[in-house]
Amino acid sequence: MREEDEPFLTFHLEHIVARQHEGPTVGGNLAWACHHCNLHKGTNLAGMDPETGQVQVLFNPRADDWDVHFERRGAVVVGRTPAGRTTAKLLRMNVPERVELRSVV
């Protein structure tokens, strides 16, 4: 299998705070992100919490604790906090293809 044929196995080096928003290209502002999540995040720093409808800053993998903000229920990623819910929604973490992929790995 060629890498370009399997988008679930490739990663992008993501700026957590996008260069457009003056995010530096330094280790503390970079994270590996799957192709799917990176394309949905784009330059967003925030989104709308699906539960409260309020603007919410996204989960920051360099500053926030995954287990505080998310839990897995089987292959589904559930946001525990406003940042977790907003990030899961914006990144479309639970579209059927992503859930299916997590269920087999």
# chains A, B, ... in the order shown; residues from 1 in each chain; ligands from 1
call {"tool": "residues_around", "arguments": {"residues": "His36 (chain A)", "least_positions_apart": "2", "cutoff": "10 Å", "atoms": "only C-alpha atoms", "output": "PyMOL selection string"}}
result
chain A and resi 7-8+10-12+33-34+38-41+91-93+98
call {"tool": "write_last_selection", "arguments": {"atoms": "C-alpha atoms", "output": "mmCIF file, in the first residue's frame"}}
result
data_model
loop_
_atom_site.group_PDB
_atom_site.id
_atom_site.type_symbol
_atom_site.label_atom_id
_atom_site.label_comp_id
_atom_site.auth_asym_id
_atom_site.auth_seq_id
_atom_site.Cartn_x
_atom_site.Cartn_y
_atom_site.Cartn_z
ATOM 1 C CA PRO A 7 -4.882 8.996 4.673
ATOM 2 C CA PHE A 8 -5.552 7.496 8.127
ATOM 3 C CA THR A 10 -0.357 9.978 7.609
ATOM 4 C CA PHE A 11 0.252 12.933 9.911
ATOM 5 C CA HIS A 12 0.753 16.650 9.450
ATOM 6 C CA ALA A 33 -2.083 15.749 13.815
ATOM 7 C CA CYS A 34 -3.837 13.276 11.613
ATOM 8 C CA ASN A 38 -5.666 19.003 10.803
ATOM 9 C CA LEU A 39 -7.853 19.841 7.819
ATOM 10 C CA HIS A 40 -10.895 20.397 10.031
ATOM 11 C CA LYS A 41 -9.026 22.505 12.581
ATOM 12 C CA LEU A 91 -12.397 18.201 14.385
ATOM 13 C CA ARG A 92 -15.268 15.830 13.576
ATOM 14 C CA MET A 93 -13.662 13.165 15.716
ATOM 15 C CA ARG A 98 -13.084 7.767 12.325
#
call {"tool": "residues_around", "arguments": {"residues": "region 60-64 of chain A", "least_positions_apart": "4", "cutoff": "12 Å", "atoms": "only C-alpha atoms", "output": "list in words"}}
result
Glu14, His15, Ile16, Val17, Val26, Gly27, Gly28, Asn29, Leu30, Ala31, Trp32, Ala33, Lys41, Asn44, Leu45, Ala46, Gln56, Val68, His69, Phe70, Thr81, Ala83, Gly84, Thr86 and Thr87 of chain A
call {"tool": "select_by_dssp", "arguments": {"residues": "region 26-103 of chain A", "states": "strand (DSSP E or B)", "output": "PyMOL selection string"}}
result
chain A and resi 30-34+46-48+55-57+70-73+76-79
call {"tool": "select_by_dssp", "arguments": {"residues": "chain A", "states": "helix (DSSP H, G or I)", "output": "NGL selection string"}}
result
:A and (3-5 or 7-9 or 19-21 or 27-29 or 35-41 or 66-69 or 82-90 or 96-104)
call {"tool": "atom_distance", "arguments": {"atom1": "CA of Glu51 (chain A)", "atom2": "CA of Asp67 (chain A)"}}
result
19.3 Å
call {"tool": "atom_distance", "arguments": {"atom1": "CA of His21 (chain A)", "atom2": "CA of Thr43 (chain A)"}}
result
7.8 Å
